[in-house]
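Below is run.cif, holding mmCIF, C-alpha atoms.
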data_query
#
loop_
_atom_site.group_PDB
_atom_site.id
_atom_site.type_symbol
_atom_site.label_atom_id
_atom_site.label_comp_id
_atom_site.auth_asym_id
_atom_site.auth_seq_id
_atom_site.Cartn_x
_atom_site.Cartn_y
_atom_site.Cartn_z
ATOM 1 C CA SER A 23 -29.602 -0.091 2.178
ATOM 2 C CA THR A 24 -27.851 -2.700 0.048
ATOM 3 C CA TYR A 25 -28.959 -1.179 -3.250
ATOM 4 C CA VAL A 26 -27.877 2.303 -2.187
ATOM 5 C CA GLU A 27 -24.390 1.043 -1.337
ATOM 6 C CA LEU A 28 -24.002 -0.666 -4.697
ATOM 7 C CA THR A 29 -24.846 2.534 -6.571
ATOM 8 C CA ARG A 30 -22.689 4.818 -4.425
ATOM 9 C CA MET A 31 -19.340 6.115 -5.699
ATOM 10 C CA LEU A 32 -16.280 4.538 -4.117
ATOM 11 C CA ASN A 33 -13.862 6.631 -2.037
ATOM 12 C CA PHE A 34 -10.155 5.708 -1.958
ATOM 13 C CA LEU A 35 -7.562 7.007 0.480
ATOM 14 C CA TYR A 36 -3.756 7.199 0.191
ATOM 15 C CA CYS A 37 -1.443 8.426 2.956
ATOM 16 C CA PHE A 38 2.209 9.102 2.095
ATOM 17 C CA ASP A 39 5.134 11.531 2.116
ATOM 18 C CA LYS A 40 7.454 12.836 -0.610
ATOM 19 C CA ASN A 41 9.585 9.665 -0.517
ATOM 20 C CA TYR A 42 6.589 7.722 -1.822
ATOM 21 C CA ASN A 43 5.184 10.186 -4.373
ATOM 22 C CA ASN A 44 6.229 8.048 -7.359
ATOM 23 C CA GLN A 45 4.841 4.866 -5.843
ATOM 24 C CA ALA A 46 1.518 6.421 -4.852
ATOM 25 C CA PHE A 47 1.018 8.053 -8.257
ATOM 26 C CA THR A 48 1.824 4.712 -9.908
ATOM 27 C CA SER A 49 -0.775 3.015 -7.732
ATOM 28 C CA MET A 50 -3.397 5.670 -8.543
ATOM 29 C CA ALA A 51 -2.675 5.432 -12.277
ATOM 30 C CA SER A 52 -3.207 1.658 -12.193
ATOM 31 C CA LEU A 53 -6.409 2.040 -10.158
ATOM 32 C CA LEU A 54 -7.966 4.673 -12.425
ATOM 33 C CA ASP A 55 -7.167 2.641 -15.530
ATOM 34 C CA LYS A 56 -8.800 -0.520 -14.166
ATOM 35 C CA VAL A 57 -11.993 0.687 -12.461
ATOM 36 C CA SER A 58 -15.195 0.507 -14.485
ATOM 37 C CA GLU A 59 -16.696 3.735 -13.106
ATOM 38 C CA LYS A 60 -15.734 7.099 -11.638
ATOM 39 C CA ILE A 61 -14.130 7.154 -8.184
ATOM 40 C CA ASN A 62 -13.004 9.710 -5.589
ATOM 41 C CA ILE A 63 -9.399 9.789 -4.391
ATOM 42 C CA PHE A 64 -8.359 11.445 -1.132
ATOM 43 C CA ILE A 65 -4.738 11.999 -0.134
ATOM 44 C CA ILE A 66 -3.271 12.784 3.275
ATOM 45 C CA HIS A 67 0.303 13.930 2.694
ATOM 46 C CA LYS A 68 3.100 15.131 4.928
ATOM 47 C CA SER A 69 3.965 18.201 2.857
ATOM 48 C CA ILE A 70 1.911 18.496 -0.339
ATOM 49 C CA ASN A 71 -1.346 20.420 -0.077
ATOM 50 C CA ASN A 72 -1.698 21.326 -3.725
ATOM 51 C CA GLU A 73 -3.307 19.265 -6.498
ATOM 52 C CA LYS A 74 -0.863 20.777 -9.033
ATOM 53 C CA ILE A 75 1.814 18.319 -7.901
ATOM 54 C CA ILE A 76 -0.290 15.378 -9.118
ATOM 55 C CA PRO A 77 0.584 14.109 -12.636
ATOM 56 C CA SER A 78 -1.857 15.165 -15.352
ATOM 57 C CA PHE A 79 -2.474 11.504 -16.262
ATOM 58 C CA ILE A 80 -4.265 11.188 -12.891
ATOM 59 C CA VAL A 81 -5.914 14.612 -12.586
ATOM 60 C CA SER A 82 -7.459 14.480 -16.061
ATOM 61 C CA HIS A 83 -8.380 10.768 -16.013
ATOM 62 C CA LYS A 84 -11.887 9.947 -17.228
ATOM 63 C CA ASN A 85 -12.492 7.736 -14.175
ATOM 64 C CA LEU A 86 -11.577 10.389 -11.607
ATOM 65 C CA ASN A 87 -14.571 12.171 -10.139
ATOM 66 C CA GLU A 88 -12.780 14.152 -7.454
ATOM 67 C CA LEU A 89 -9.280 14.336 -5.992
ATOM 68 C CA LYS A 90 -8.508 16.143 -2.735
ATOM 69 C CA ILE A 91 -5.245 16.566 -0.837
ATOM 70 C CA TYR A 92 -4.936 17.322 2.863
ATOM 71 C CA GLN A 93 -1.686 18.229 4.588
ATOM 72 C CA TYR A 94 -1.105 16.077 7.655
ATOM 73 C CA ASN A 95 -0.992 17.926 10.942
ATOM 74 C CA SER A 96 1.148 15.848 13.280
ATOM 75 C CA LYS A 97 -0.657 14.460 16.329
ATOM 76 C CA ILE A 98 2.194 12.337 17.610
ATOM 77 C CA GLU A 99 5.588 13.469 18.889
ATOM 78 C CA SER A 100 7.391 10.270 17.976
ATOM 79 C CA TYR A 101 6.339 7.269 15.922
ATOM 80 C CA PRO A 102 7.478 3.857 17.217
ATOM 81 C CA ASN A 103 9.993 1.745 15.320
ATOM 82 C CA ILE A 104 10.337 3.756 12.089
ATOM 83 C CA GLU A 105 14.096 4.417 12.347
ATOM 84 C CA ASN A 106 15.860 2.603 9.459
ATOM 85 C CA ALA A 107 12.582 0.907 8.505
ATOM 86 C CA HIS A 108 11.165 0.563 4.987
ATOM 87 C CA VAL A 109 8.058 2.452 6.128
ATOM 88 C CA SER A 110 7.797 6.072 7.245
ATOM 89 C CA GLU A 111 5.625 7.829 9.798
ATOM 90 C CA ALA A 112 3.017 8.214 7.021
ATOM 91 C CA THR A 113 1.878 4.661 7.811
ATOM 92 C CA TYR A 114 0.254 6.130 10.936
ATOM 93 C CA TYR A 115 -1.661 8.880 9.094
ATOM 94 C CA ARG A 116 -4.548 6.591 8.104
ATOM 95 C CA ILE A 117 -5.633 6.372 11.750
ATOM 96 C CA PHE A 118 -6.561 10.073 11.708
ATOM 97 C CA PHE A 119 -8.406 10.106 8.357
ATOM 98 C CA ASP A 120 -11.725 11.314 9.800
ATOM 99 C CA GLU A 121 -10.140 14.611 10.866
ATOM 100 C CA TYR A 122 -9.458 15.469 7.235
ATOM 101 C CA LEU A 123 -12.001 13.856 4.922
ATOM 102 C CA PRO A 124 -15.449 15.271 4.076
ATOM 103 C CA LYS A 125 -17.943 14.624 6.879
ATOM 104 C CA ASP A 126 -20.606 13.121 4.601
ATOM 105 C CA LEU A 127 -18.565 10.023 3.634
ATOM 106 C CA ASN A 128 -19.873 6.731 4.978
ATOM 107 C CA HIS A 129 -16.914 4.608 3.854
ATOM 108 C CA ILE A 130 -13.297 4.794 2.762
ATOM 109 C CA ILE A 131 -11.071 2.240 1.036
ATOM 110 C CA TYR A 132 -7.520 2.686 2.262
ATOM 111 C CA LEU A 133 -4.622 1.559 0.030
ATOM 112 C CA ASP A 134 -0.897 1.449 0.758
ATOM 113 C CA SER A 135 1.211 3.204 -1.868
ATOM 114 C CA ASP A 136 2.932 -0.049 -2.879
ATOM 115 C CA PHE A 137 -0.308 -1.469 -4.315
ATOM 116 C CA ILE A 138 -0.874 -1.973 -8.036
ATOM 117 C CA CYS A 139 -4.382 -2.567 -9.338
ATOM 118 C CA GLY A 140 -4.448 -5.663 -11.557
ATOM 119 C CA GLU A 141 -8.096 -6.059 -12.564
ATOM 120 C CA ASN A 142 -11.300 -4.059 -12.097
ATOM 121 C CA PRO A 143 -12.019 -4.287 -8.329
ATOM 122 C CA VAL A 144 -15.340 -2.379 -8.267
ATOM 123 C CA PHE A 145 -17.735 -5.322 -8.014
ATOM 124 C CA GLU A 146 -15.726 -7.136 -5.326
ATOM 125 C CA ILE A 147 -15.278 -3.976 -3.254
ATOM 126 C CA LYS A 148 -18.952 -3.017 -3.462
ATOM 127 C CA LYS A 149 -20.018 -6.538 -2.547
ATOM 128 C CA ASN A 150 -17.846 -6.435 0.573
ATOM 129 C CA LEU A 151 -18.732 -2.847 1.365
ATOM 130 C CA THR A 152 -22.389 -3.833 1.394
ATOM 131 C CA LEU A 153 -21.624 -6.738 3.749
ATOM 132 C CA LEU A 154 -19.564 -4.453 5.976
ATOM 133 C CA LEU A 155 -22.133 -1.664 6.259
ATOM 134 C CA ASN A 156 -24.874 -4.180 7.068
ATOM 135 C CA SER A 157 -22.749 -5.901 9.747
ATOM 136 C CA ASP A 158 -21.373 -5.133 13.188
ATOM 137 C CA PHE A 159 -17.804 -4.982 11.837
ATOM 138 C CA THR A 160 -15.914 -1.708 11.512
ATOM 139 C CA VAL A 161 -13.293 -2.805 8.980
ATOM 140 C CA GLY A 162 -12.819 -5.356 6.232
ATOM 141 C CA ALA A 163 -9.289 -6.649 5.620
ATOM 142 C CA VAL A 164 -7.354 -9.561 4.165
ATOM 143 C CA THR A 165 -6.011 -12.076 6.668
ATOM 144 C CA GLN A 166 -2.225 -12.196 6.510
ATOM 145 C CA THR A 167 -1.677 -15.081 8.872
ATOM 146 C CA TYR A 168 -3.528 -17.659 10.966
ATOM 147 C CA LYS A 169 -2.124 -18.544 14.361
ATOM 148 C CA ASN A 170 0.009 -21.685 14.459
ATOM 149 C CA GLU A 171 2.988 -23.045 16.354
ATOM 150 C CA GLN A 172 5.486 -21.172 14.158
ATOM 151 C CA ASN A 173 3.961 -17.713 14.529
ATOM 152 C CA ARG A 174 2.487 -17.915 18.034
ATOM 153 C CA GLU A 175 4.963 -15.226 19.164
ATOM 154 C CA LEU A 176 3.320 -12.627 16.889
ATOM 155 C CA PHE A 177 -0.080 -13.067 18.570
ATOM 156 C CA GLU A 178 1.332 -13.263 22.078
ATOM 157 C CA ARG A 179 3.581 -10.223 21.609
ATOM 158 C CA ILE A 180 0.631 -7.904 20.927
ATOM 159 C CA ASN A 181 -1.704 -9.553 23.461
ATOM 160 C CA MET A 182 -4.204 -10.985 20.980
ATOM 161 C CA GLN A 183 -6.820 -13.571 21.947
ATOM 162 C CA SER A 184 -7.980 -14.432 18.433
ATOM 163 C CA SER A 185 -6.128 -16.547 15.864
ATOM 164 C CA VAL A 186 -6.314 -14.254 12.811
ATOM 165 C CA TYR A 187 -4.024 -11.324 11.986
ATOM 166 C CA PHE A 188 -4.840 -8.989 9.073
ATOM 167 C CA ASN A 189 -2.655 -6.977 6.717
ATOM 168 C CA ALA A 190 -3.523 -3.276 7.026
ATOM 169 C CA GLY A 191 -2.380 -2.360 3.498
ATOM 170 C CA PHE A 192 -5.951 -2.642 2.210
ATOM 171 C CA LEU A 193 -8.810 -1.645 4.501
ATOM 172 C CA VAL A 194 -12.487 -1.124 3.783
ATOM 173 C CA ILE A 195 -13.723 1.117 6.606
ATOM 174 C CA ASP A 196 -17.247 1.839 7.833
ATOM 175 C CA ILE A 197 -16.628 5.430 8.947
ATOM 176 C CA GLU A 198 -19.711 5.702 11.165
ATOM 177 C CA SER A 199 -18.725 2.537 13.032
ATOM 178 C CA TRP A 200 -15.091 3.732 13.253
ATOM 179 C CA LYS A 201 -16.243 6.930 14.983
ATOM 180 C CA LYS A 202 -18.867 5.243 17.150
ATOM 181 C CA ASN A 203 -16.333 2.709 18.429
ATOM 182 C CA LEU A 204 -13.751 5.460 19.054
ATOM 183 C CA ILE A 205 -11.047 3.552 17.138
ATOM 184 C CA LYS A 206 -8.835 6.622 16.719
ATOM 185 C CA ASP A 207 -9.053 7.485 20.432
ATOM 186 C CA LYS A 208 -8.305 3.891 21.466
ATOM 187 C CA PHE A 209 -5.357 3.811 19.082
ATOM 188 C CA PHE A 210 -3.954 7.113 20.311
ATOM 189 C CA GLU A 211 -4.360 6.119 23.945
ATOM 190 C CA LYS A 212 -2.618 2.764 23.383
ATOM 191 C CA LEU A 213 0.182 4.475 21.481
ATOM 192 C CA GLN A 214 0.833 6.802 24.425
ATOM 193 C CA ASN A 215 0.889 3.867 26.863
ATOM 194 C CA LEU A 216 2.442 1.037 24.859
ATOM 195 C CA GLU A 217 2.805 -2.256 26.721
ATOM 196 C CA PHE A 218 4.517 -4.101 23.839
ATOM 197 C CA ASP A 219 6.812 -3.542 20.865
ATOM 198 C CA LEU A 220 5.264 -2.552 17.551
ATOM 199 C CA LYS A 221 7.257 -4.696 15.153
ATOM 200 C CA PHE A 222 4.822 -4.032 12.301
ATOM 201 C CA TRP A 223 3.955 -0.487 13.294
ATOM 202 C CA ASP A 224 0.318 0.643 13.315
ATOM 203 C CA GLN A 225 -0.714 -2.706 11.775
ATOM 204 C CA ASP A 226 0.218 -4.425 15.059
ATOM 205 C CA LEU A 227 -1.757 -1.904 17.067
ATOM 206 C CA LEU A 228 -4.814 -2.149 14.807
ATOM 207 C CA ASN A 229 -4.743 -5.943 15.137
ATOM 208 C CA HIS A 230 -4.459 -5.601 18.908
ATOM 209 C CA ILE A 231 -7.511 -3.294 18.974
ATOM 210 C CA PHE A 232 -9.723 -5.319 16.612
ATOM 211 C CA ASP A 233 -8.382 -8.710 17.796
ATOM 212 C CA GLY A 234 -9.859 -10.767 14.955
ATOM 213 C CA ASN A 235 -13.124 -8.818 14.854
ATOM 214 C CA TYR A 236 -13.107 -7.844 11.171
ATOM 215 C CA LEU A 237 -14.742 -8.838 7.889
ATOM 216 C CA GLN A 238 -12.354 -11.206 6.107
ATOM 217 C CA LEU A 239 -11.869 -10.260 2.459
ATOM 218 C CA SER A 240 -10.639 -12.211 -0.561
ATOM 219 C CA LYS A 241 -6.837 -12.497 -0.750
ATOM 220 C CA TYR A 242 -7.060 -11.122 -4.291
ATOM 221 C CA LEU A 243 -7.881 -7.661 -2.911
ATOM 222 C CA ASN A 244 -4.478 -7.659 -1.214
ATOM 223 C CA PHE A 245 -2.432 -10.229 -3.085
ATOM 224 C CA GLN A 246 0.880 -10.318 -1.312
ATOM 225 C CA MET A 247 3.845 -10.249 -3.682
ATOM 226 C CA ARG A 248 6.989 -10.867 -1.680
ATOM 227 C CA LEU A 249 9.925 -10.169 -3.954
ATOM 228 C CA ASP A 250 12.353 -11.399 -1.294
ATOM 229 C CA LYS A 251 11.132 -15.012 -1.526
ATOM 230 C CA ASN A 252 12.196 -16.967 -4.609
ATOM 231 C CA ILE A 253 13.070 -13.591 -5.999
ATOM 232 C CA TYR A 254 14.103 -14.812 -9.449
ATOM 233 C CA GLU A 255 11.188 -17.215 -9.838
ATOM 234 C CA TYR A 256 7.560 -16.703 -10.680
ATOM 235 C CA ILE A 257 5.079 -16.926 -7.864
ATOM 236 C CA GLU A 258 2.255 -19.071 -9.212
ATOM 237 C CA PHE A 259 -0.939 -17.053 -9.609
ATOM 238 C CA ASN A 260 -3.653 -16.374 -12.130
ATOM 239 C CA GLU A 261 -3.317 -12.776 -13.309
ATOM 240 C CA GLU A 262 -7.014 -12.569 -14.155
ATOM 241 C CA GLU A 263 -7.937 -13.132 -10.507
ATOM 242 C CA VAL A 264 -5.620 -10.608 -8.864
ATOM 243 C CA LEU A 265 -7.446 -7.333 -8.166
ATOM 244 C CA PHE A 266 -4.557 -5.692 -6.274
ATOM 245 C CA TYR A 267 -0.895 -6.680 -6.024
ATOM 246 C CA HIS A 268 0.777 -5.649 -2.782
ATOM 247 C CA PHE A 269 4.577 -5.434 -2.958
ATOM 248 C CA LEU A 270 5.100 -5.848 0.756
ATOM 249 C CA GLY A 271 8.315 -6.485 2.622
ATOM 250 C CA LYS A 272 11.711 -4.856 2.240
ATOM 251 C CA GLN A 273 12.361 -5.827 -1.391
ATOM 252 C CA LYS A 274 10.457 -3.433 -3.653
ATOM 253 C CA PRO A 275 10.184 -3.331 -7.474
ATOM 254 C CA TRP A 276 12.051 -0.003 -7.680
ATOM 255 C CA VAL A 277 15.108 -0.728 -5.535
ATOM 256 C CA GLY A 278 17.902 -3.249 -4.853
ATOM 257 C CA ARG A 279 17.290 -6.912 -5.588
ATOM 258 C CA GLY A 280 13.661 -6.165 -6.338
ATOM 259 C CA LEU A 281 14.679 -4.451 -9.597
ATOM 260 C CA PHE A 282 15.646 -7.849 -11.020
ATOM 261 C CA ALA A 283 12.689 -9.905 -9.820
ATOM 262 C CA LYS A 284 10.418 -11.289 -12.532
ATOM 263 C CA ASN A 285 7.202 -9.703 -11.225
ATOM 264 C CA THR A 286 8.740 -6.224 -11.049
ATOM 265 C CA GLU A 287 7.419 -5.374 -14.527
ATOM 266 C CA ILE A 288 3.878 -5.373 -13.055
ATOM 267 C CA TYR A 289 4.908 -2.207 -11.204
ATOM 268 C CA GLN A 290 7.165 -0.598 -13.832
ATOM 269 C CA LYS A 291 4.502 -0.937 -16.551
ATOM 270 C CA GLU A 292 2.113 1.178 -14.474
ATOM 271 C CA TYR A 293 4.859 3.671 -13.576
ATOM 272 C CA ARG A 294 5.395 4.492 -17.268
ATOM 273 C CA LYS A 295 1.790 5.700 -17.578
ATOM 274 C CA HIS A 296 2.311 8.849 -15.526
ATOM 275 C CA SER A 297 6.067 9.347 -15.930
ATOM 276 C CA ASN A 298 8.289 10.328 -18.847
ATOM 277 C CA LYS A 299 10.837 7.761 -17.639
ATOM 278 C CA THR A 300 10.884 4.093 -18.602
ATOM 279 C CA TYR A 301 11.954 2.866 -15.149
ATOM 280 C CA HIS A 302 11.548 3.974 -11.568
ATOM 281 C CA ILE A 303 14.903 3.151 -9.944
ATOM 282 C CA GLU A 304 16.183 4.162 -6.519
ATOM 283 C CA HIS A 305 19.358 3.234 -4.654
ATOM 284 C CA ILE A 306 19.714 2.841 -0.900
ATOM 285 C CA TRP A 307 23.417 2.041 -1.252
ATOM 286 C CA PHE A 308 24.818 2.265 -4.776
ATOM 287 C CA LEU A 309 27.609 -0.303 -4.321
ATOM 288 C CA LEU A 310 25.035 -2.853 -3.234
ATOM 289 C CA SER A 311 22.909 -1.974 -6.282
ATOM 290 C CA ILE A 312 25.979 -2.579 -8.487
ATOM 291 C CA LYS A 313 26.486 -5.949 -6.809
ATOM 292 C CA TYR A 314 22.869 -6.937 -7.601
ATOM 293 C CA LEU A 315 23.323 -5.722 -11.187
ATOM 294 C CA LEU A 316 26.448 -7.852 -11.688
ATOM 295 C CA ARG A 317 24.735 -10.831 -10.078
ATOM 296 C CA SER A 318 21.790 -10.397 -12.472
ATOM 297 C CA PHE A 319 24.148 -11.133 -15.385
ATOM 298 C CA THR A 320 25.536 -14.289 -13.800
ATOM 299 C CA ASN A 321 22.152 -15.717 -12.786
ATOM 300 C CA LEU A 322 20.561 -14.452 -16.051
ATOM 301 C CA SER A 323 17.811 -12.519 -14.248
ATOM 302 C CA PHE A 324 18.900 -9.390 -16.170
ATOM 303 C CA PHE A 325 17.329 -10.972 -19.235
ATOM 304 C CA ASN A 326 13.895 -10.725 -17.581
ATOM 305 C CA ILE A 327 14.152 -6.958 -17.966
ATOM 306 C CA LYS A 328 12.006 -5.653 -20.795
ATOM 307 C CA TYR A 329 13.934 -2.574 -21.993
ATOM 308 C CA LYS A 330 17.524 -3.470 -21.145
ATOM 309 C CA SER A 331 19.427 -0.447 -22.454
ATOM 310 C CA LYS A 332 16.859 1.959 -20.977
ATOM 311 C CA PHE A 333 17.106 0.111 -17.672
ATOM 312 C CA LEU A 334 20.902 0.559 -17.588
ATOM 313 C CA TYR A 335 20.542 4.235 -18.477
ATOM 314 C CA TYR A 336 18.113 4.910 -15.619
ATOM 315 C CA PHE A 337 20.040 2.659 -13.250
ATOM 316 C CA PHE A 338 23.104 4.918 -13.510
ATOM 317 C CA SER A 339 21.400 8.254 -14.147
ATOM 318 C CA SER A 340 19.259 7.849 -11.012
ATOM 319 C CA PHE A 341 22.455 7.605 -8.977
ATOM 320 C CA PHE A 342 24.327 10.451 -10.673
ATOM 321 C CA GLY A 343 21.245 12.653 -10.714
ATOM 322 C CA ILE A 344 21.285 13.118 -14.487
ATOM 323 C CA LYS A 345 18.252 15.070 -15.678
ATOM 324 C CA GLU A 346 16.786 14.219 -19.047
#
Please, can you express the file's structure as structure tokens?
Amino acid sequence: STYVELTRMLNFLYCFDKNYNNQAFTSMASLLDKVSEKINIFIIHKSINNEKIIPSFIVSHKNLNELKIYQYNSKIESYPNIENAHVSEATYYRIFFDEYLPKDLNHIIYLDSDFICGENPVFEIKKNLTLLLNSDFTVGAVTQTYKNEQNRELFERINMQSSVYFNAGFLVIDIESWKKNLIKDKFFEKLQNLEFDLKFWDQDLLNHIFDGNYLQLSKYLNFQMRLDKNIYEYIEFNEEEVLFYHFLGKQKPWVGRGLFAKNTEIYQKEYRKHSNKTYHIEHIWFLLSIKYLLRSFTNLSFFNIKYKSKFLYYFFSSFFGIKE
């Protein structure tokens, strides 16, 4: 079985809504450019059900074998804890993937839309996929935190017995095992009868269900780039080792303080591939954005920005809605 898995085409899944179109397309562009062979991409989207919306850079890419979009059909009346959060209800869509995707798939690699592919991940994914499909595990994921005195509350809050908690932004899933173990049904049932708060949304619930019973993957498949910590400094890492960057947390490379962080160019560089704009810039509150812009001159972080005049143009035009 091992050899078959290594020769099989990889299947990637994205779940998002219109607020994350730019981010998801940027992630797909980076992925297609870095993989060393053709891949399949599946999308579950809140409103799009037409491939014509996808940028031509992606649709016509030499490494894309097949791309399919499915419109999400809501299963849940209300999604816990998404009011005023930096995630939307689309974070829950991945749980229902098997209702949409082709029935002959044996695996799926789920990616959050705020992932950027850094280096060719094919070998590392296939290696772990082989391990997963020949094991009793249902999912492979990167451990986000190990239980200690400081974070004990996280594990106790969601009634976990184990001492490892994974980040659900990157998941390698054995679909047969997922169905056999009724993961979706367990999830749905727990969601209807919640006994605890979901601070980190479906990730908390998935960790509660699996409770440490997952294949632990290399951190470089989900390399966590927190722009809110030491935001104007480099995080030490070797670029050649990072397979996927994950811009997790509230500070993102396209908004607020994140626009001025040094590692933001990793994202913006990929954005330019599928867009006719030089920068992807959004504002949650424009006055706050202005404050961060002014601060970037005083702390010199503005000088990290690659195309300064273009940046200023898009900074203001994105607020005033100027079309090019």
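If you measure from each of A:Glu304, A:Glu217, A:Glu178, A:Asp136 to Arg248 (chain A) using all atoms listed in the file, the closest one turns out to be A:Asp136.
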Which residues come within 12 Å of Leu334 (chain A), counting all atoms listed in the file, excluding same-chain residues fewer than 3 positions away, as JSON, numbers by chain?
{"A": [281, 282, 300, 301, 302, 303, 311, 312, 315, 316, 324, 327, 328, 329, 330, 331, 337, 338, 339, 340, 341]}
Please expand the PyMOL selection byres ((chain A and resi 180) around 8) into the concrete residues it hits in this file, giving the result as an NGL selection string.
:A and (176-179 or 181-182 or 218-220 or 226-227 or 230)
Within 6 Å of region 30-39 of chain A, counting all atoms listed in the file, which residues show up once you throw out same-chain ones fewer than 6 positions away? Write them as a ChimeraX atom specification, please.
/A:61-68,112,130-133
Run the PyMOL selection byres ((chain A and resi 276) around 12) on the file and write out the hits as a VMD selection string.
chain A and resid 42 44 to 45 48 136 249 269 272 to 275 277 to 283 285 to 291 293 300 to 306 311 333 336 to 337 340
Which residue gives the smallest distance to Ile195 (chain A) among A:Asp126, A:Asp55, A:Asp120, A:Glu211, with only C-alpha atoms counted?
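Ranked by minimum distance to Ile195 (chain A), first place goes to A:Asp120.
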Resolved residues for the PyMOL selection byres ((chain A and resi 231) around 8) as JSON, numbers by chain:
{"A": [205, 208, 209, 227, 228, 229, 230, 232, 233]}
Using all atoms listed in the file: which of A:Ser82, A:Thr165, A:Asn203, A:Ser69 has the shortest distance to Ser96 (chain A):
A:Ser69
State, in Å with one decimal place, the distance from CA of Asp134 (chain A) to CA of Ala190 (chain A).
8.3 Å
Give the answer as one residue: which of A:Ser135, A:Asn244, A:Asn170, A:Asn298 has the shortest atom-to-atom distance to Thr113 (chain A), using only C-alpha atoms?
A:Ser135
Just the residues within 8 Å of His296 (chain A), please, counting all atoms listed in the file, with nothing from its chain fewer than 3 positions along; format it as a PyMOL selection string.
chain A and resi 47-48+51+77-80+292-293
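Nearest residue to Phe210 (chain A) among A:Leu89, A:Asp224, A:Pro124, A:Lys40 is A:Asp224, counting only C-alpha atoms.
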At most 12 Å from (-10.8, -8.2, -9.7), file frame, all atoms listed in the file: which residues, as a PyMOL selection string?
chain A and resi 53+56-58+138-149+240-245+260-267
Need to verify the contact set: Lys169 (chain A), 8 Å, only C-alpha atoms, exclusion of same-chain residues closer than 6 positions in sequence. Can you return it as a PyMOL selection string?
chain A and resi 177+185-187
Atoms kept (C-alpha atoms) for selection, written as a PDB file, keeping the file's coordinate frame:
ATOM      1  CA  PHE A 177      -0.080 -13.067  18.570  1.00  0.00           C
ATOM      2  CA  SER A 185      -6.128 -16.547  15.864  1.00  0.00           C
ATOM      3  CA  VAL A 186      -6.314 -14.254  12.811  1.00  0.00           C
ATOM      4  CA  TYR A 187      -4.024 -11.324  11.986  1.00  0.00           C
TER       5      TYR A 187
END
Atomic separation - CA of Phe119 (chain A) relative to CA of Gly234 (chain A), Å
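Separation of CA of Gly234 (chain A) and CA of Phe119 (chain A): 21.9 Å.
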Pick the closest to Leu193 (chain A) from A:Gln214, A:Asn41, A:Gln238, A:Asn87: which is it, counting only C-alpha atoms?
A:Gln238
Close residues, Leu127 (chain A) itself excluded, 9 Å, only C-alpha atoms, min 4 positions apart in chain, as a list in words
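Within the cut-off, the hits are Asn33, Leu123, Ile197 and Glu198 of chain A.
Relative to CA of Arg294 (chain A), CA of Arg116 (chain A) is found at 27.3 Å.
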If I wrap all listed atoms of region 214-222 of chain A in a box with edges along x, y and z and add 4 Å on each side, what are its centre and edge lengths in Å to one decimal, as lines of an AutoDock Vina configuration file?
center_x = 4.0
center_y = 1.1
center_z = 19.6
size_x = 14.4
size_y = 19.5
size_z = 22.6
